[in-house]
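Each remark here refers to the structure printed beneath this line.
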Amino acid sequence: MTNFKRYAVFYTPDPGPLMDFGSAWLGWDPVAGAPAAPPAIEGLPQPLDVITATPRKYGFHGTIKPPFRLAEGMGQVDLVAAFDALALSLNSVHLQGLQLSRLGRFLALKPQGDTTELKALAAAVVRGLDIFRAPLTDADIARRNPNRLSAQQRSLLLQWGYPYVMEEFRFHMTMTGRLGPEDLNQTEAVLKPLITPLLPYPFMIDSLCLFGEAEDGKFHLLHRATL
């Protein structure tokens, strides 16, 4: 598959128990480009495919450069080459660990400790590949509800195509869609003991992945680049 609607740079764990669990939990394996068999988990307030419906199409990931359409005249081969070159110029990031946390009304894995280096890494990727990003259309901007954004977020949206980059960047790996208070409590109680033993301490980001969004909206891992 070579034709994708959009591209993105994500952090995705190396193959192993955490990646296997994350893919099964969300029900989509972006490496295989296929649905992943869900784990048999008791005690959830709703079926797992309902709880994870919103984040499923992205796969198990943390966003570094948000999804973007390719600019006119740019191709996937050029993007991959530039992505590799950029990765070689960037240092790995070392963090204290990952922990399951609440982010508003959904659950996500968030880094522990100082995230200054991680924010700098994400900013460098956003800047370094921006030449490949097609300008936003009026419809793109409208979908972001700019009137609900802060002045800084609106400025970032117009400059970089997304309101939650640079100063507004907060790394997270989404595990659920938005849940009601009781469902949130119960899902967290079930998920936490399952995923906590799999979380890395320390947490090191030494590679990043280029993803492509297929016509059906599912994201596929296209290329992993070592930092």
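Chain labels A, B, ... are given in the sequence in which chains occur in the structure tokens; within each chain residues are numbered consecutively from 1, and ligands are likewise numbered from 1 in the order shown.
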Hey, could you make a per-residue contact list for region 77-109 of chain A against region 197-221 of chain A with 9 Å as the cut-off, showing the nearest pair of atoms and its distance in Å to one decimal, counting only C-alpha atoms, sorted by chain and number, as a Markdown table?
```
| residue | atom | partner | partner_atom | distance |
| --- | --- | --- | --- | --- |
| A:Val80 | CA | A:Leu210 | CA | 7.7 |
| A:Phe83 | CA | A:Leu210 | CA | 7.8 |
| A:Ala87 | CA | A:Leu208 | CA | 7.6 |
| A:Asn91 | CA | A:Asp206 | CA | 7.6 |
| A:Ser92 | CA | A:Asp206 | CA | 4.6 |
| A:Val93 | CA | A:Ile205 | CA | 5.1 |
| A:His94 | CA | A:Met204 | CA | 4.6 |
| A:Leu95 | CA | A:Phe203 | CA | 5.0 |
| A:Gln96 | CA | A:Pro202 | CA | 4.8 |
| A:Gly97 | CA | A:Phe203 | CA | 4.5 |
| A:Leu98 | CA | A:Leu199 | CA | 6.0 |
| A:Gln99 | CA | A:Leu199 | CA | 7.2 |
```
Open item on the list: Using DSSP secondary structure from the backbone, list all strand (DSSP E) positions within region 70-202 of chain A, as an MDAnalysis selection string.
Closed with: chainID A and resid 93:95 97:103 106:112 173:174
Could those residues be written to a file, using N, CA and C atoms, as an mmCIF file, in the first residue's frame?
```
data_model
loop_
_atom_site.group_PDB
_atom_site.id
_atom_site.type_symbol
_atom_site.label_atom_id
_atom_site.label_comp_id
_atom_site.auth_asym_id
_atom_site.auth_seq_id
_atom_site.Cartn_x
_atom_site.Cartn_y
_atom_site.Cartn_z
ATOM 1 N N VAL A 93 15.537 10.171 23.772
ATOM 2 C CA VAL A 93 15.010 10.843 24.957
ATOM 3 C C VAL A 93 14.842 9.812 26.071
ATOM 4 N N HIS A 94 15.324 10.163 27.257
ATOM 5 C CA HIS A 94 15.225 9.272 28.417
ATOM 6 C C HIS A 94 14.280 9.900 29.432
ATOM 7 N N LEU A 95 13.285 9.121 29.839
ATOM 8 C CA LEU A 95 12.289 9.586 30.794
ATOM 9 C C LEU A 95 12.195 8.604 31.949
ATOM 10 N N GLY A 97 9.564 7.100 33.304
ATOM 11 C CA GLY A 97 8.710 5.954 33.036
ATOM 12 C C GLY A 97 7.410 6.388 32.408
ATOM 13 N N LEU A 98 6.503 5.433 32.265
ATOM 14 C CA LEU A 98 5.145 5.692 31.794
ATOM 15 C C LEU A 98 4.173 5.268 32.888
ATOM 16 N N GLN A 99 3.033 5.958 32.956
ATOM 17 C CA GLN A 99 2.012 5.571 33.920
ATOM 18 C C GLN A 99 0.633 5.790 33.322
ATOM 19 N N LEU A 100 -0.308 4.947 33.727
ATOM 20 C CA LEU A 100 -1.687 5.115 33.299
ATOM 21 C C LEU A 100 -2.290 6.292 34.061
ATOM 22 N N SER A 101 -2.877 7.237 33.316
ATOM 23 C CA SER A 101 -3.401 8.454 33.920
ATOM 24 C C SER A 101 -4.724 8.825 33.271
ATOM 25 N N ARG A 102 -5.421 9.732 33.926
ATOM 26 C CA ARG A 102 -6.625 10.303 33.350
ATOM 27 C C ARG A 102 -6.257 11.591 32.616
ATOM 28 N N LEU A 103 -6.806 11.740 31.445
ATOM 29 C CA LEU A 103 -6.617 12.957 30.663
ATOM 30 C C LEU A 103 -8.016 13.427 30.288
ATOM 31 N N PHE A 106 -10.797 10.579 29.412
ATOM 32 C CA PHE A 106 -10.288 9.319 28.872
ATOM 33 C C PHE A 106 -9.001 8.925 29.578
ATOM 34 N N LEU A 107 -8.598 7.675 29.357
ATOM 35 C CA LEU A 107 -7.386 7.138 29.958
ATOM 36 C C LEU A 107 -6.266 7.129 28.931
ATOM 37 N N ALA A 108 -5.061 7.416 29.403
ATOM 38 C CA ALA A 108 -3.905 7.446 28.520
ATOM 39 C C ALA A 108 -2.655 7.118 29.325
ATOM 40 N N LEU A 109 -1.618 6.686 28.641
ATOM 41 C CA LEU A 109 -0.303 6.546 29.249
ATOM 42 C C LEU A 109 0.419 7.875 29.114
ATOM 43 N N LYS A 110 0.943 8.379 30.223
ATOM 44 C CA LYS A 110 1.655 9.644 30.226
ATOM 45 C C LYS A 110 3.044 9.449 30.822
ATOM 46 N N PRO A 111 4.018 10.231 30.357
ATOM 47 C CA PRO A 111 5.383 10.081 30.881
ATOM 48 C C PRO A 111 5.512 10.633 32.293
ATOM 49 N N GLN A 112 6.381 10.019 33.066
ATOM 50 C CA GLN A 112 6.728 10.497 34.394
ATOM 51 C C GLN A 112 8.029 11.280 34.320
ATOM 52 N N MET A 173 -0.387 8.475 25.245
ATOM 53 C CA MET A 173 -0.744 7.320 24.431
ATOM 54 C C MET A 173 -2.165 6.921 24.817
ATOM 55 N N THR A 174 -3.112 7.252 23.973
ATOM 56 C CA THR A 174 -4.524 7.116 24.298
ATOM 57 C C THR A 174 -4.945 5.651 24.388
#
```
Exercise: Leu184 (chain A) partners within 9 Å, only C-alpha atoms, chain neighbours under 4 positions left out, as a PDB file with N, CA, C and O atoms, in the first residue's frame:
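This went into result-v9.pdb:
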```
ATOM      1  N   PRO A  45     -16.968  -1.973  32.072  1.00  0.00           N
ATOM      2  CA  PRO A  45     -18.343  -1.482  32.133  1.00  0.00           C
ATOM      3  C   PRO A  45     -19.077  -1.550  30.803  1.00  0.00           C
ATOM      4  O   PRO A  45     -20.306  -1.508  30.762  1.00  0.00           O
ATOM      5  N   ARG A 102      -5.421   9.732  33.926  1.00  0.00           N
ATOM      6  CA  ARG A 102      -6.625  10.303  33.350  1.00  0.00           C
ATOM      7  C   ARG A 102      -6.257  11.591  32.616  1.00  0.00           C
ATOM      8  O   ARG A 102      -5.490  12.403  33.129  1.00  0.00           O
ATOM      9  N   ARG A 105     -11.629  13.066  30.240  1.00  0.00           N
ATOM     10  CA  ARG A 105     -12.565  11.955  30.417  1.00  0.00           C
ATOM     11  C   ARG A 105     -12.071  10.658  29.780  1.00  0.00           C
ATOM     12  O   ARG A 105     -12.841   9.738  29.608  1.00  0.00           O
ATOM     13  N   PHE A 106     -10.797  10.579  29.412  1.00  0.00           N
ATOM     14  CA  PHE A 106     -10.288   9.319  28.872  1.00  0.00           C
ATOM     15  C   PHE A 106      -9.001   8.925  29.578  1.00  0.00           C
ATOM     16  O   PHE A 106      -8.398   9.708  30.319  1.00  0.00           O
ATOM     17  N   LEU A 107      -8.598   7.675  29.357  1.00  0.00           N
ATOM     18  CA  LEU A 107      -7.386   7.138  29.958  1.00  0.00           C
ATOM     19  C   LEU A 107      -6.266   7.129  28.931  1.00  0.00           C
ATOM     20  O   LEU A 107      -6.485   6.864  27.746  1.00  0.00           O
ATOM     21  N   ARG A 178     -13.724   8.898  25.239  1.00  0.00           N
ATOM     22  CA  ARG A 178     -14.294   9.602  26.383  1.00  0.00           C
ATOM     23  C   ARG A 178     -15.313   8.716  27.084  1.00  0.00           C
ATOM     24  O   ARG A 178     -16.161   8.109  26.440  1.00  0.00           O
ATOM     25  N   LEU A 179     -15.223   8.684  28.405  1.00  0.00           N
ATOM     26  CA  LEU A 179     -16.084   7.830  29.203  1.00  0.00           C
ATOM     27  C   LEU A 179     -16.782   8.653  30.277  1.00  0.00           C
ATOM     28  O   LEU A 179     -16.261   9.674  30.736  1.00  0.00           O
ATOM     29  N   GLY A 180     -17.956   8.182  30.681  1.00  0.00           N
ATOM     30  CA  GLY A 180     -18.638   8.786  31.812  1.00  0.00           C
ATOM     31  C   GLY A 180     -17.880   8.496  33.096  1.00  0.00           C
ATOM     32  O   GLY A 180     -17.031   7.596  33.140  1.00  0.00           O
ATOM     33  N   GLU A 188     -10.512   2.122  34.500  1.00  0.00           N
ATOM     34  CA  GLU A 188      -9.180   2.345  35.081  1.00  0.00           C
ATOM     35  C   GLU A 188      -8.837   1.244  36.080  1.00  0.00           C
ATOM     36  O   GLU A 188      -7.705   0.737  36.088  1.00  0.00           O
ATOM     37  N   ALA A 189      -9.807   0.849  36.886  1.00  0.00           N
ATOM     38  CA  ALA A 189      -9.562  -0.195  37.881  1.00  0.00           C
ATOM     39  C   ALA A 189      -9.215  -1.530  37.231  1.00  0.00           C
ATOM     40  O   ALA A 189      -8.407  -2.304  37.757  1.00  0.00           O
TER      41      ALA A 189
END
```
Open item on the list: Env of Gln159 (chain A): 10 Å cut, atoms = only C-alpha atoms, seq-sep filter 4 positions within chain, self excluded. Answer as a list in words.
Closed with: Asp130, Pro135, Leu136, Gln153, Arg154, Ser155 and Pro163 of chain A
Please produce an output containing N, CA, C and O atoms for each residue in the selection, written as a PDB file, in the first residue's frame.
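Contents of the output file selection_23.pdb:
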```pdb
ATOM      1  N   ASP A 130       7.816  20.157   8.268  1.00  0.00           N
ATOM      2  CA  ASP A 130       6.679  21.007   7.921  1.00  0.00           C
ATOM      3  C   ASP A 130       6.615  21.323   6.435  1.00  0.00           C
ATOM      4  O   ASP A 130       5.532  21.578   5.897  1.00  0.00           O
ATOM      5  N   PRO A 135      -0.999  23.075   3.198  1.00  0.00           N
ATOM      6  CA  PRO A 135      -1.686  24.085   4.011  1.00  0.00           C
ATOM      7  C   PRO A 135      -3.090  23.620   4.396  1.00  0.00           C
ATOM      8  O   PRO A 135      -3.740  22.866   3.658  1.00  0.00           O
ATOM      9  N   LEU A 136      -3.560  24.075   5.540  1.00  0.00           N
ATOM     10  CA  LEU A 136      -4.917  23.762   5.957  1.00  0.00           C
ATOM     11  C   LEU A 136      -5.928  24.453   5.049  1.00  0.00           C
ATOM     12  O   LEU A 136      -5.706  25.575   4.595  1.00  0.00           O
ATOM     13  N   GLN A 153      -3.191  28.727  20.894  1.00  0.00           N
ATOM     14  CA  GLN A 153      -3.562  27.526  20.150  1.00  0.00           C
ATOM     15  C   GLN A 153      -4.022  27.865  18.742  1.00  0.00           C
ATOM     16  O   GLN A 153      -3.701  27.147  17.787  1.00  0.00           O
ATOM     17  N   ARG A 154      -4.752  28.954  18.570  1.00  0.00           N
ATOM     18  CA  ARG A 154      -5.162  29.366  17.213  1.00  0.00           C
ATOM     19  C   ARG A 154      -3.943  29.723  16.385  1.00  0.00           C
ATOM     20  O   ARG A 154      -3.872  29.391  15.193  1.00  0.00           O
ATOM     21  N   SER A 155      -2.986  30.387  16.998  1.00  0.00           N
ATOM     22  CA  SER A 155      -1.761  30.749  16.288  1.00  0.00           C
ATOM     23  C   SER A 155      -0.983  29.506  15.861  1.00  0.00           C
ATOM     24  O   SER A 155      -0.488  29.421  14.720  1.00  0.00           O
ATOM     25  N   PRO A 163      -3.296  22.654  16.831  1.00  0.00           N
ATOM     26  CA  PRO A 163      -3.205  23.588  17.963  1.00  0.00           C
ATOM     27  C   PRO A 163      -2.402  23.100  19.160  1.00  0.00           C
ATOM     28  O   PRO A 163      -2.043  23.902  20.023  1.00  0.00           O
TER      29      PRO A 163
END
```
TODO: Using only C-alpha atoms, determine which residues lie at most 8 Å from Pro67 (chain A), disregarding the query and same-chain residues fewer than 4 positions distant; provide the list as JSON, numbers by chain.
DONE: {"A": [6, 7, 8, 9]}
Residues from last step as file, N, CA and C atoms, as a CSV table (one decimal), in the first residue's frame:
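File written: out-v7.csv
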```
chain,number,residue,atom,x,y,z
A,6,ARG,N,-3.2,10.8,4.6
A,6,ARG,CA,-2.4,11.6,5.5
A,6,ARG,C,-1.3,10.8,6.0
A,7,TYR,N,-0.3,11.5,6.6
A,7,TYR,CA,0.9,10.9,7.2
A,7,TYR,C,1.0,11.5,8.6
A,8,ALA,N,1.7,10.9,9.5
A,8,ALA,CA,2.0,11.3,10.8
A,8,ALA,C,3.3,10.7,11.3
A,9,VAL,N,3.9,11.4,12.3
A,9,VAL,CA,5.0,10.8,13.0
A,9,VAL,C,4.5,10.4,14.4
```
TODO: Extract, using only C-alpha atoms, all DNA, RNA and protein residues at most 10 Å from Met74 (chain A), discarding same-chain residues fewer than 2 positions from it, and format them as a ChimeraX atom specification.
DONE: /A:69-72,76-79,131-134
Selection export as a short mmCIF file (atom, residue, chain, number, x, y, z; two decimals), in the first residue's frame, atoms kept: N, CA, C and O atoms:
```
data_model
loop_
_atom_site.label_atom_id
_atom_site.label_comp_id
_atom_site.auth_asym_id
_atom_site.auth_seq_id
_atom_site.Cartn_x
_atom_site.Cartn_y
_atom_site.Cartn_z
N ARG A 69 -1.74 16.17 5.41
CA ARG A 69 -1.73 15.81 3.99
C ARG A 69 -0.42 16.26 3.36
O ARG A 69 0.14 17.29 3.76
N LEU A 70 0.05 15.52 2.38
CA LEU A 70 1.28 15.90 1.69
C LEU A 70 1.06 17.14 0.84
O LEU A 70 0.04 17.28 0.16
N ALA A 71 2.04 18.03 0.87
CA ALA A 71 2.00 19.22 0.04
C ALA A 71 2.13 18.83 -1.43
O ALA A 71 2.69 17.77 -1.77
N GLU A 72 1.64 19.68 -2.29
CA GLU A 72 1.72 19.43 -3.73
C GLU A 72 3.17 19.28 -4.15
O GLU A 72 4.04 20.05 -3.74
N GLN A 76 5.80 10.22 -1.05
CA GLN A 76 6.11 9.40 0.12
C GLN A 76 7.59 9.05 0.19
O GLN A 76 8.17 9.04 1.28
N VAL A 77 8.21 8.77 -0.95
CA VAL A 77 9.64 8.43 -0.95
C VAL A 77 10.46 9.59 -0.40
O VAL A 77 11.39 9.40 0.40
N ASP A 78 10.12 10.81 -0.82
CA ASP A 78 10.84 11.99 -0.33
C ASP A 78 10.63 12.16 1.18
O ASP A 78 11.55 12.52 1.91
N LEU A 79 9.40 11.93 1.62
CA LEU A 79 9.09 12.07 3.03
C LEU A 79 9.88 11.07 3.87
O LEU A 79 10.44 11.43 4.92
N ILE A 131 7.74 21.27 5.76
CA ILE A 131 7.75 21.54 4.32
C ILE A 131 6.90 20.52 3.56
O ILE A 131 6.41 20.80 2.45
N PHE A 132 6.68 19.35 4.15
CA PHE A 132 5.88 18.30 3.51
C PHE A 132 4.39 18.45 3.78
O PHE A 132 3.59 17.73 3.17
N ARG A 133 4.00 19.35 4.64
CA ARG A 133 2.59 19.48 5.04
C ARG A 133 1.84 20.44 4.14
O ARG A 133 2.24 21.58 3.95
N ALA A 134 0.74 19.96 3.57
CA ALA A 134 -0.11 20.83 2.76
C ALA A 134 -0.79 21.85 3.67
O ALA A 134 -1.14 21.55 4.81
#
```
Task: Filtered DSSP result for region 8-191 of chain A, state alpha helix (DSSP H), as number ranges by chain - done: A: 17-26, 48-51, 76-88, 116-128, 138-143, 151-160, 181-191
- [ ] Can you work out the spacing between CA of His172 (chain A) and CA of Phe60 (chain A) in Å, to one decimal?
- [x] 10.5 Å
- [ ] Quote the spacing between CA of Arg56 (chain A) and CA of Glu182 (chain A) in Å to one decimal place.
- [x] 21.7 Å
